[in-house]
$ cat target-v2.json   # JSON, C-alpha atoms
[["chain", "number", "residue", "atom", "x", "y", "z"],
["A", 868, "ASP", "CA", 104.16, 60.53, 83.35],
["A", 869, "ALA", "CA", 103.87, 64.30, 83.02],
["A", 870, "LYS", "CA", 100.49, 65.95, 82.65],
["A", 871, "THR", "CA", 99.48, 67.76, 79.45],
["A", 872, "THR", "CA", 97.14, 70.69, 78.87],
["A", 873, "GLN", "CA", 95.31, 71.21, 75.58],
["A", 874, "PRO", "CA", 92.55, 73.60, 74.53],
["A", 875, "PRO", "CA", 89.23, 71.74, 74.51],
["A", 876, "SER", "CA", 88.28, 72.78, 70.99],
["A", 877, "MET", "CA", 89.53, 74.54, 67.87],
["A", 878, "ASP", "CA", 88.26, 75.35, 64.40],
["A", 879, "CYS", "CA", 90.30, 75.48, 61.22],
["A", 880, "ALA", "CA", 89.35, 76.42, 57.66],
["A", 881, "GLU", "CA", 89.73, 73.69, 55.09],
["A", 882, "GLY", "CA", 93.03, 73.95, 53.23],
["A", 883, "ARG", "CA", 94.69, 75.99, 55.93],
["A", 884, "ALA", "CA", 97.25, 74.78, 58.42],
["A", 885, "ALA", "CA", 95.89, 73.52, 61.73],
["A", 886, "ASN", "CA", 98.19, 74.27, 64.66],
["A", 887, "LEU", "CA", 97.31, 72.34, 67.80],
["A", 888, "PRO", "CA", 99.15, 73.38, 70.96],
["A", 889, "CYS", "CA", 100.04, 71.26, 73.95],
["A", 890, "ASN", "CA", 101.53, 72.37, 77.23],
["A", 891, "HIS", "CA", 103.68, 69.90, 79.17],
["A", 892, "SER", "CA", 105.61, 72.12, 81.54],
["A", 893, "THR", "CA", 106.55, 69.28, 83.93],
["A", 894, "ILE", "CA", 108.02, 67.03, 81.24],
["A", 895, "SER", "CA", 111.18, 65.21, 82.25],
["A", 896, "GLY", "CA", 114.23, 64.55, 80.13],
["A", 897, "ASN", "CA", 113.36, 60.99, 79.16],
["A", 898, "GLU", "CA", 109.72, 61.59, 78.27],
["A", 899, "TYR", "CA", 108.62, 61.56, 74.65],
["A", 900, "VAL", "CA", 105.76, 63.63, 73.24],
["A", 901, "TYR", "CA", 103.17, 61.60, 71.31],
["A", 902, "TRP", "CA", 100.16, 62.69, 69.29],
["A", 903, "TYR", "CA", 97.17, 60.52, 68.49],
["A", 904, "ARG", "CA", 93.81, 61.38, 67.04],
["A", 905, "GLN", "CA", 90.41, 59.76, 67.22],
["A", 906, "ILE", "CA", 87.88, 60.27, 64.48],
["A", 907, "HIS", "CA", 84.34, 59.75, 65.67],
["A", 908, "SER", "CA", 83.50, 56.07, 66.34],
["A", 909, "GLN", "CA", 86.95, 54.87, 65.27],
["A", 910, "GLY", "CA", 90.01, 53.64, 67.11],
["A", 911, "PRO", "CA", 92.74, 56.15, 68.00],
["A", 912, "GLN", "CA", 95.27, 56.66, 65.26],
["A", 913, "TYR", "CA", 98.96, 57.29, 65.85],
["A", 914, "ILE", "CA", 100.19, 60.51, 64.24],
["A", 915, "ILE", "CA", 103.73, 61.32, 65.32],
["A", 916, "HIS", "CA", 106.09, 61.41, 68.29],
["A", 917, "GLY", "CA", 109.37, 63.05, 69.26],
["A", 918, "LEU", "CA", 111.83, 63.66, 72.07],
["A", 919, "LYS", "CA", 113.42, 67.06, 71.48],
["A", 920, "ASN", "CA", 113.96, 67.56, 67.77],
["A", 921, "ASN", "CA", 111.20, 68.63, 65.43],
["A", 922, "GLU", "CA", 109.71, 65.73, 63.52],
["A", 923, "THR", "CA", 107.81, 65.46, 60.25],
["A", 924, "ASN", "CA", 106.05, 62.61, 58.54],
["A", 925, "GLU", "CA", 103.44, 62.22, 55.84],
["A", 926, "MET", "CA", 100.65, 63.18, 58.20],
["A", 927, "ALA", "CA", 101.97, 66.06, 60.27],
["A", 928, "SER", "CA", 104.85, 68.00, 61.79],
["A", 929, "LEU", "CA", 105.70, 68.16, 65.46],
["A", 930, "ILE", "CA", 107.42, 71.26, 66.79],
["A", 931, "ILE", "CA", 108.86, 70.97, 70.31],
["A", 932, "THR", "CA", 110.13, 74.10, 72.03],
["A", 933, "GLU", "CA", 113.75, 74.20, 73.09],
["A", 934, "ASP", "CA", 112.86, 73.92, 76.79],
["A", 935, "ARG", "CA", 110.45, 71.07, 75.87],
["A", 936, "LYS", "CA", 107.69, 72.58, 77.98],
["A", 937, "SER", "CA", 105.31, 72.80, 75.05],
["A", 938, "SER", "CA", 104.77, 71.49, 71.57],
["A", 939, "THR", "CA", 102.62, 72.10, 68.51],
["A", 940, "LEU", "CA", 101.18, 69.60, 66.10],
["A", 941, "ILE", "CA", 100.82, 71.03, 62.61],
["A", 942, "LEU", "CA", 98.52, 69.60, 59.97],
["A", 943, "PRO", "CA", 99.77, 71.55, 56.94],
["A", 944, "HIS", "CA", 96.64, 71.49, 54.79],
["A", 945, "ALA", "CA", 93.63, 70.51, 56.86],
["A", 946, "THR", "CA", 90.83, 68.59, 55.18],
["A", 947, "LEU", "CA", 87.34, 67.73, 56.41],
["A", 948, "ARG", "CA", 88.61, 64.24, 57.20],
["A", 949, "ASP", "CA", 90.97, 65.73, 59.78],
["A", 950, "THR", "CA", 88.01, 66.60, 62.01],
["A", 951, "ALA", "CA", 88.76, 64.57, 65.14],
["A", 952, "VAL", "CA", 89.84, 64.71, 68.77],
["A", 953, "TYR", "CA", 93.62, 65.14, 69.02],
["A", 954, "TYR", "CA", 95.46, 63.82, 72.05],
["A", 955, "CYS", "CA", 98.88, 64.95, 73.25],
["A", 956, "ILE", "CA", 100.57, 62.46, 75.57],
["A", 957, "VAL", "CA", 103.96, 62.53, 77.27],
["A", 958, "ARG", "CA", 105.43, 59.24, 78.27],
["A", 959, "VAL", "CA", 108.59, 57.55, 79.40],
["A", 960, "VAL", "CA", 109.39, 54.74, 77.03],
["A", 961, "TYR", "CA", 109.99, 51.41, 78.64],
["A", 962, "THR", "CA", 108.29, 48.08, 78.54],
["A", 963, "GLY", "CA", 105.38, 48.16, 80.91],
["A", 964, "ASN", "CA", 104.54, 51.82, 80.61],
["A", 965, "GLN", "CA", 101.11, 52.69, 79.30],
["A", 966, "PHE", "CA", 99.63, 55.57, 77.36],
["A", 967, "TYR", "CA", 97.27, 57.70, 79.43],
["A", 968, "PHE", "CA", 94.87, 59.78, 77.36],
["A", 969, "GLY", "CA", 93.56, 63.12, 78.57],
["A", 970, "THR", "CA", 90.57, 64.98, 77.14],
["A", 971, "GLY", "CA", 92.34, 66.21, 74.00],
["A", 972, "THR", "CA", 91.42, 68.97, 71.56],
["A", 973, "SER", "CA", 88.35, 68.60, 69.39],
["A", 974, "LEU", "CA", 89.36, 69.98, 66.00],
["A", 975, "THR", "CA", 86.63, 70.92, 63.55],
["A", 976, "VAL", "CA", 87.68, 71.62, 59.97],
["A", 977, "ILE", "CA", 85.22, 74.01, 58.38],
["A", 978, "PRO", "CA", 84.53, 73.99, 54.62],
["B", 1481, "ASN", "CA", 100.25, 43.82, 57.34],
["B", 1482, "ALA", "CA", 96.96, 43.34, 59.07],
["B", 1483, "GLY", "CA", 96.31, 45.78, 61.85],
["B", 1484, "VAL", "CA", 94.94, 45.07, 65.29],
["B", 1485, "MET", "CA", 91.80, 42.99, 64.83],
["B", 1486, "GLN", "CA", 88.94, 43.16, 67.28],
["B", 1487, "ASN", "CA", 85.75, 41.18, 67.31],
["B", 1488, "PRO", "CA", 82.91, 41.37, 67.58],
["B", 1489, "ARG", "CA", 82.57, 44.97, 66.42],
["B", 1490, "HIS", "CA", 79.16, 45.22, 68.05],
["B", 1491, "LEU", "CA", 77.78, 43.12, 70.86],
["B", 1492, "VAL", "CA", 74.44, 43.33, 72.61],
["B", 1493, "ARG", "CA", 73.97, 41.61, 75.94],
["B", 1494, "ARG", "CA", 71.14, 41.52, 78.47],
["B", 1495, "ARG", "CA", 71.89, 42.48, 82.04],
["B", 1496, "GLY", "CA", 73.49, 39.58, 83.88],
["B", 1497, "GLN", "CA", 74.96, 37.91, 80.80],
["B", 1498, "GLU", "CA", 78.63, 37.57, 79.99],
["B", 1499, "ALA", "CA", 80.49, 39.52, 77.31],
["B", 1500, "ARG", "CA", 83.70, 38.28, 75.67],
["B", 1501, "LEU", "CA", 85.72, 40.63, 73.51],
["B", 1502, "ARG", "CA", 88.64, 39.38, 71.43],
["B", 1503, "CYS", "CA", 91.76, 41.10, 70.21],
["B", 1504, "SER", "CA", 94.41, 39.81, 67.83],
["B", 1505, "PRO", "CA", 97.50, 42.02, 67.93],
["B", 1506, "MET", "CA", 99.48, 43.12, 64.91],
["B", 1507, "LYS", "CA", 101.91, 40.55, 63.58],
["B", 1508, "GLY", "CA", 105.07, 40.52, 65.63],
["B", 1509, "HIS", "CA", 103.52, 42.36, 68.57],
["B", 1510, "SER", "CA", 103.64, 40.65, 71.93],
["B", 1511, "HIS", "CA", 102.03, 43.34, 74.09],
["B", 1512, "VAL", "CA", 98.32, 44.05, 74.31],
["B", 1513, "TYR", "CA", 96.48, 46.90, 76.02],
["B", 1514, "TRP", "CA", 92.77, 47.30, 76.67],
["B", 1515, "TYR", "CA", 91.03, 50.66, 76.99],
["B", 1516, "ARG", "CA", 87.42, 51.57, 77.67],
["B", 1517, "GLN", "CA", 85.60, 54.62, 76.36],
["B", 1518, "LEU", "CA", 82.26, 55.48, 77.91],
["B", 1519, "PRO", "CA", 79.86, 57.56, 75.81],
["B", 1520, "GLU", "CA", 81.11, 61.15, 75.44],
["B", 1521, "GLU", "CA", 84.18, 60.44, 77.58],
["B", 1522, "GLY", "CA", 87.89, 59.88, 77.01],
["B", 1523, "LEU", "CA", 89.87, 56.67, 76.77],
["B", 1524, "LYS", "CA", 90.60, 55.00, 80.08],
["B", 1525, "PHE", "CA", 93.40, 52.47, 80.44],
["B", 1526, "MET", "CA", 92.23, 49.13, 81.81],
["B", 1527, "VAL", "CA", 94.91, 46.46, 81.52],
["B", 1528, "TYR", "CA", 98.24, 45.67, 79.90],
["B", 1529, "LEU", "CA", 99.26, 42.10, 79.05],
["B", 1530, "GLN", "CA", 102.10, 40.19, 77.54],
["B", 1531, "LYS", "CA", 101.76, 36.59, 76.46],
["B", 1532, "GLU", "CA", 100.54, 34.60, 79.49],
["B", 1533, "ASN", "CA", 101.21, 37.52, 81.84],
["B", 1534, "ILE", "CA", 99.23, 40.42, 83.20],
["B", 1535, "ILE", "CA", 101.69, 43.27, 83.59],
["B", 1536, "ASP", "CA", 99.42, 46.06, 84.83],
["B", 1537, "GLU", "CA", 95.73, 45.80, 85.66],
["B", 1538, "SER", "CA", 95.52, 48.98, 87.67],
["B", 1539, "GLY", "CA", 92.69, 50.35, 85.52],
["B", 1540, "MET", "CA", 90.55, 47.23, 85.63],
["B", 1541, "PRO", "CA", 87.44, 47.21, 87.83],
["B", 1542, "LYS", "CA", 88.03, 44.81, 90.70],
["B", 1543, "GLU", "CA", 84.92, 42.75, 90.11],
["B", 1544, "ARG", "CA", 83.40, 41.07, 87.05],
["B", 1545, "PHE", "CA", 86.22, 42.06, 84.67],
["B", 1546, "SER", "CA", 89.11, 39.82, 83.66],
["B", 1547, "ALA", "CA", 91.62, 39.68, 80.83],
["B", 1548, "GLU", "CA", 93.96, 37.10, 79.43],
["B", 1549, "PHE", "CA", 96.46, 36.78, 76.62],
["B", 1550, "PRO", "CA", 97.25, 33.09, 76.18],
["B", 1551, "LYS", "CA", 100.30, 31.63, 74.52],
["B", 1552, "GLU", "CA", 98.18, 30.82, 71.47],
["B", 1553, "GLY", "CA", 95.21, 32.80, 70.26],
["B", 1554, "PRO", "CA", 93.82, 36.26, 70.82],
["B", 1555, "SER", "CA", 93.62, 38.31, 73.98],
["B", 1556, "ILE", "CA", 90.21, 38.10, 75.65],
["B", 1557, "LEU", "CA", 88.50, 40.74, 77.78],
["B", 1558, "ARG", "CA", 85.73, 39.09, 79.75],
["B", 1559, "ILE", "CA", 82.93, 40.90, 81.55],
["B", 1560, "GLN", "CA", 80.72, 38.79, 83.74],
["B", 1561, "GLN", "CA", 77.17, 39.68, 84.82],
["B", 1562, "VAL", "CA", 77.10, 42.81, 82.68],
["B", 1563, "VAL", "CA", 75.24, 45.91, 83.85],
["B", 1564, "ARG", "CA", 74.01, 48.92, 81.88],
["B", 1565, "GLY", "CA", 77.04, 50.94, 83.00],
["B", 1566, "ASP", "CA", 79.31, 48.54, 81.11],
["B", 1567, "SER", "CA", 77.91, 49.84, 77.81],
["B", 1568, "ALA", "CA", 80.93, 51.39, 76.13],
["B", 1569, "ALA", "CA", 83.46, 51.07, 73.36],
["B", 1570, "TYR", "CA", 86.35, 48.77, 74.25],
["B", 1571, "PHE", "CA", 89.57, 49.36, 72.35],
["B", 1572, "CYS", "CA", 92.53, 47.05, 72.12],
["B", 1573, "ALA", "CA", 96.02, 48.19, 71.18],
["B", 1574, "SER", "CA", 99.27, 46.34, 70.60],
["B", 1575, "SER", "CA", 102.96, 47.09, 70.53],
["B", 1576, "PRO", "CA", 106.20, 45.22, 70.00],
["B", 1577, "ARG", "CA", 108.56, 44.54, 72.84],
["B", 1578, "VAL", "CA", 110.50, 47.62, 73.82],
["B", 1579, "GLY", "CA", 114.19, 47.62, 74.54],
["B", 1580, "LEU", "CA", 115.64, 50.22, 76.83],
["B", 1581, "LEU", "CA", 117.45, 51.94, 73.97],
["B", 1582, "ASP", "CA", 114.50, 52.04, 71.58],
["B", 1583, "SER", "CA", 113.70, 55.52, 70.33],
["B", 1584, "GLY", "CA", 110.14, 55.58, 71.55],
["B", 1585, "ASN", "CA", 107.77, 52.76, 70.75],
["B", 1586, "THR", "CA", 104.16, 53.39, 70.02],
["B", 1587, "ILE", "CA", 100.96, 51.43, 70.28],
["B", 1588, "TYR", "CA", 98.47, 50.78, 67.50],
["B", 1589, "PHE", "CA", 94.76, 50.53, 68.08],
["B", 1590, "GLY", "CA", 92.03, 48.38, 66.66],
["B", 1591, "GLU", "CA", 88.65, 49.71, 65.57],
["B", 1592, "GLY", "CA", 86.97, 48.81, 68.83],
["B", 1593, "SER", "CA", 84.17, 46.63, 70.11],
["B", 1594, "TRP", "CA", 80.92, 48.38, 71.02],
["B", 1595, "LEU", "CA", 79.10, 46.71, 73.89],
["B", 1596, "THR", "CA", 75.48, 47.57, 74.53],
["B", 1597, "VAL", "CA", 73.79, 46.20, 77.63],
["B", 1598, "VAL", "CA", 70.00, 46.16, 77.49]]
$ encode --input "target-v2.json" --output "structure tokens"
Amino acid sequence: DAKTTQPPSMDCAEGRAANLPCNHSTISGNEYVYWYRQIHSQGPQYIIHGLKNNETNEMASLIITEDRKSSTLILPHATLRDTAVYYCIVRVVYTGNQFYFGTGTSLTVIP
Amino acid sequence: NAGVMQNPRHLVRRRGQEARLRCSPMKGHSHVYWYRQLPEEGLKFMVYLQKENIIDESGMPKERFSAEFPKEGPSILRIQQVVRGDSAAYFCASSPRVGLLDSGNTIYFGEGSWLTVV
């Protein structure tokens, strides 16, 4: 699975959009981009995933560049409860393939 | 739908004792994954199981650790003769079976079991 690069930490003002970047320049054509987050002392929570098209759900939007070498997770109106470590993972989907978590981005939402 | 259930949530063991952590996957899920998170570190993959089969144990320490997922009942992660370095959060995740044409499956995590070795 391709390697990802994320900034170690970011701050965001409450109520503003949080834009979390992820670089995956070695991604291959059959690898999906996944985002998870982990709030302190809790299990990781699935947020969203996509292959090449932009995706949106009730939690967030995922914007993938046309060359697929990078993506951005957007939390449209960050709240204090969004303070967490956010993990970007690229992965080929087939039975038997695991998720490997990197160090992620620690997002702090500031009141 | 109940999520992934792990128990116990907190476990304290003395050095040399055994620790058993249980994981019941989400309904309809036949794949289970175990991860370990040491204090202030990231999640490390340990083992991936299907019912009655270990598919990938490449992240499992070679000694003292074992995992099973029997035909009936929860998946068990077993740590024998625990040492202080085993103190960590152990997370279980589950997923349904993936077909080759599926549009990207995902895995869902439980709330973790915190092991403290004293």
$ atom_distance --input "target-v2.json" --atom1 "atom CA of His891 of chain A" --atom2 "atom CA of Pro1519 of chain B"
27.0 Å
$ interface_residues --input "target-v2.json" --of "chain A" --to "chain B" --cutoff "12 Å" --atoms "all atoms listed in the file" --output "mmCIF file with C-alpha atoms, in the frame of the given file"
data_model
loop_
_atom_site.group_PDB
_atom_site.id
_atom_site.type_symbol
_atom_site.label_atom_id
_atom_site.label_comp_id
_atom_site.auth_asym_id
_atom_site.auth_seq_id
_atom_site.Cartn_x
_atom_site.Cartn_y
_atom_site.Cartn_z
ATOM 1 C CA ASN A 897 113.360 60.990 79.160
ATOM 2 C CA GLU A 898 109.720 61.590 78.270
ATOM 3 C CA TYR A 899 108.620 61.560 74.650
ATOM 4 C CA VAL A 900 105.760 63.630 73.240
ATOM 5 C CA TYR A 901 103.170 61.600 71.310
ATOM 6 C CA TRP A 902 100.160 62.690 69.290
ATOM 7 C CA TYR A 903 97.170 60.520 68.490
ATOM 8 C CA ARG A 904 93.810 61.380 67.040
ATOM 9 C CA GLN A 905 90.410 59.760 67.220
ATOM 10 C CA ILE A 906 87.880 60.270 64.480
ATOM 11 C CA HIS A 907 84.340 59.750 65.670
ATOM 12 C CA SER A 908 83.500 56.070 66.340
ATOM 13 C CA GLN A 909 86.950 54.870 65.270
ATOM 14 C CA GLY A 910 90.010 53.640 67.110
ATOM 15 C CA PRO A 911 92.740 56.150 68.000
ATOM 16 C CA GLN A 912 95.270 56.660 65.260
ATOM 17 C CA TYR A 913 98.960 57.290 65.850
ATOM 18 C CA ILE A 914 100.190 60.510 64.240
ATOM 19 C CA ILE A 915 103.730 61.320 65.320
ATOM 20 C CA HIS A 916 106.090 61.410 68.290
ATOM 21 C CA GLY A 917 109.370 63.050 69.260
ATOM 22 C CA LEU A 918 111.830 63.660 72.070
ATOM 23 C CA LYS A 919 113.420 67.060 71.480
ATOM 24 C CA VAL A 952 89.840 64.710 68.770
ATOM 25 C CA TYR A 953 93.620 65.140 69.020
ATOM 26 C CA TYR A 954 95.460 63.820 72.050
ATOM 27 C CA ILE A 956 100.570 62.460 75.570
ATOM 28 C CA VAL A 957 103.960 62.530 77.270
ATOM 29 C CA ARG A 958 105.430 59.240 78.270
ATOM 30 C CA VAL A 959 108.590 57.550 79.400
ATOM 31 C CA VAL A 960 109.390 54.740 77.030
ATOM 32 C CA TYR A 961 109.990 51.410 78.640
ATOM 33 C CA THR A 962 108.290 48.080 78.540
ATOM 34 C CA GLY A 963 105.380 48.160 80.910
ATOM 35 C CA ASN A 964 104.540 51.820 80.610
ATOM 36 C CA GLN A 965 101.110 52.690 79.300
ATOM 37 C CA PHE A 966 99.630 55.570 77.360
ATOM 38 C CA TYR A 967 97.270 57.700 79.430
ATOM 39 C CA PHE A 968 94.870 59.780 77.360
ATOM 40 C CA GLY A 969 93.560 63.120 78.570
ATOM 41 C CA THR A 970 90.570 64.980 77.140
ATOM 42 C CA GLY A 971 92.340 66.210 74.000
ATOM 43 C CA THR A 972 91.420 68.970 71.560
ATOM 44 C CA SER A 973 88.350 68.600 69.390
#
$ atom_distance --input "target-v2.json" --atom1 "atom CA of Arg948 of chain A" --atom2 "atom CA of Asn924 of chain A"
17.6 Å
$ atom_distance --input "target-v2.json" --atom1 "atom CA of Arg1494 of chain B" --atom2 "atom CA of Pro1554 of chain B"
24.5 Å
$ residues_around --input "target-v2.json" --residues "Gly1553 of chain B" --least-positions-apart "4" --cutoff "10 Å" --atoms "all atoms listed in the file" --output "list of chain:residue names"
B:Arg1502, B:Cys1503, B:Ser1504, B:Pro1505, B:Lys1531, B:Phe1549
$ residues_around --input "target-v2.json" --residues "segment 1563-1568 of chain B" --least-positions-apart "4" --cutoff "6 Å" --atoms "only C-alpha atoms" --output "short mmCIF file (atom, residue, chain, number, x, y, z; two decimals) with C-alpha atoms, in the coordinates of the input"
data_model
loop_
_atom_site.label_atom_id
_atom_site.label_comp_id
_atom_site.auth_asym_id
_atom_site.auth_seq_id
_atom_site.Cartn_x
_atom_site.Cartn_y
_atom_site.Cartn_z
CA ARG B 1495 71.89 42.48 82.04
CA GLN B 1517 85.60 54.62 76.36
CA LEU B 1518 82.26 55.48 77.91
CA TRP B 1594 80.92 48.38 71.02
CA LEU B 1595 79.10 46.71 73.89
CA THR B 1596 75.48 47.57 74.53
CA VAL B 1597 73.79 46.20 77.63
#
$ residues_around --input "target-v2.json" --residues "segment 930-940 of chain A" --least-positions-apart "4" --cutoff "7 Å" --atoms "all atoms listed in the file" --output "ChimeraX atom specification"
/A:886-894,919-922
$ write_last_selection --input "target-v2.json" --atoms "C-alpha atoms" --output "short mmCIF file (atom, residue, chain, number, x, y, z; two decimals), in the frame of the given file"
data_model
loop_
_atom_site.label_atom_id
_atom_site.label_comp_id
_atom_site.auth_asym_id
_atom_site.auth_seq_id
_atom_site.Cartn_x
_atom_site.Cartn_y
_atom_site.Cartn_z
CA ASN A 886 98.19 74.27 64.66
CA LEU A 887 97.31 72.34 67.80
CA PRO A 888 99.15 73.38 70.96
CA CYS A 889 100.04 71.26 73.95
CA ASN A 890 101.53 72.37 77.23
CA HIS A 891 103.68 69.90 79.17
CA SER A 892 105.61 72.12 81.54
CA THR A 893 106.55 69.28 83.93
CA ILE A 894 108.02 67.03 81.24
CA LYS A 919 113.42 67.06 71.48
CA ASN A 920 113.96 67.56 67.77
CA ASN A 921 111.20 68.63 65.43
CA GLU A 922 109.71 65.73 63.52
#
$ residues_around --input "target-v2.json" --residues "Ala884 of chain A" --least-positions-apart "6" --cutoff "7 Å" --atoms "all atoms listed in the file" --output "number ranges by chain"
A: 941-945
$ residues_around --input "target-v2.json" --residues "Ile1559 of chain B" --least-positions-apart "2" --cutoff "6 Å" --atoms "all atoms listed in the file" --output "list in words"
Glu1498, Ala1499, Arg1544 and Phe1545 of chain B
$ decode --input "target-v2.json" --residues "segment 905-947 of chain A" --atoms "C-alpha atoms" --output "PDB file, in the first residue's frame"
ATOM      1  CA  GLN A 905      -9.435   8.887  16.786  1.00  0.00           C
ATOM      2  CA  ILE A 906     -10.736  10.987  19.614  1.00  0.00           C
ATOM      3  CA  HIS A 907      -8.658  10.644  22.751  1.00  0.00           C
ATOM      4  CA  SER A 908      -9.113   7.267  24.486  1.00  0.00           C
ATOM      5  CA  GLN A 909     -11.677   6.062  21.947  1.00  0.00           C
ATOM      6  CA  GLY A 910     -11.594   3.613  19.066  1.00  0.00           C
ATOM      7  CA  PRO A 911     -10.870   4.941  15.571  1.00  0.00           C
ATOM      8  CA  GLN A 912     -13.941   6.147  13.743  1.00  0.00           C
ATOM      9  CA  TYR A 913     -14.486   5.779  10.017  1.00  0.00           C
ATOM     10  CA  ILE A 914     -15.148   9.099   8.278  1.00  0.00           C
ATOM     11  CA  ILE A 915     -15.152   8.698   4.512  1.00  0.00           C
ATOM     12  CA  HIS A 916     -13.383   7.049   1.592  1.00  0.00           C
ATOM     13  CA  GLY A 917     -13.088   7.477  -2.163  1.00  0.00           C
ATOM     14  CA  LEU A 918     -11.294   6.335  -5.292  1.00  0.00           C
ATOM     15  CA  LYS A 919     -11.139   9.304  -7.667  1.00  0.00           C
ATOM     16  CA  ASN A 920     -14.353  11.273  -7.418  1.00  0.00           C
ATOM     17  CA  ASN A 921     -15.030  13.741  -4.642  1.00  0.00           C
ATOM     18  CA  GLU A 922     -17.206  12.300  -1.912  1.00  0.00           C
ATOM     19  CA  THR A 923     -19.466  13.840   0.705  1.00  0.00           C
ATOM     20  CA  ASN A 924     -21.362  12.397   3.619  1.00  0.00           C
ATOM     21  CA  GLU A 925     -22.930  13.709   6.794  1.00  0.00           C
ATOM     22  CA  MET A 926     -19.565  14.024   8.492  1.00  0.00           C
ATOM     23  CA  ALA A 927     -17.201  15.414   5.887  1.00  0.00           C
ATOM     24  CA  SER A 928     -16.190  15.934   2.277  1.00  0.00           C
ATOM     25  CA  LEU A 929     -13.251  14.299   0.549  1.00  0.00           C
ATOM     26  CA  ILE A 930     -11.588  16.136  -2.308  1.00  0.00           C
ATOM     27  CA  ILE A 931      -9.148  14.079  -4.395  1.00  0.00           C
ATOM     28  CA  THR A 932      -6.966  15.847  -6.949  1.00  0.00           C
ATOM     29  CA  GLU A 933      -7.277  14.823 -10.564  1.00  0.00           C
ATOM     30  CA  ASP A 934      -3.876  13.104 -10.551  1.00  0.00           C
ATOM     31  CA  ARG A 935      -4.852  11.430  -7.231  1.00  0.00           C
ATOM     32  CA  LYS A 936      -1.522  12.332  -5.671  1.00  0.00           C
ATOM     33  CA  SER A 937      -3.140  14.243  -2.839  1.00  0.00           C
ATOM     34  CA  SER A 938      -6.447  14.713  -1.098  1.00  0.00           C
ATOM     35  CA  THR A 939      -8.113  16.984   1.432  1.00  0.00           C
ATOM     36  CA  LEU A 940     -10.598  16.102   4.112  1.00  0.00           C
ATOM     37  CA  ILE A 941     -12.976  18.962   4.846  1.00  0.00           C
ATOM     38  CA  LEU A 942     -14.975  19.273   8.046  1.00  0.00           C
ATOM     39  CA  PRO A 943     -17.326  22.097   7.024  1.00  0.00           C
ATOM     40  CA  HIS A 944     -18.117  23.552  10.442  1.00  0.00           C
ATOM     41  CA  ALA A 945     -15.637  22.318  13.011  1.00  0.00           C
ATOM     42  CA  THR A 946     -16.804  21.874  16.591  1.00  0.00           C
ATOM     43  CA  LEU A 947     -14.835  21.208  19.766  1.00  0.00           C
TER      44      LEU A 947
END
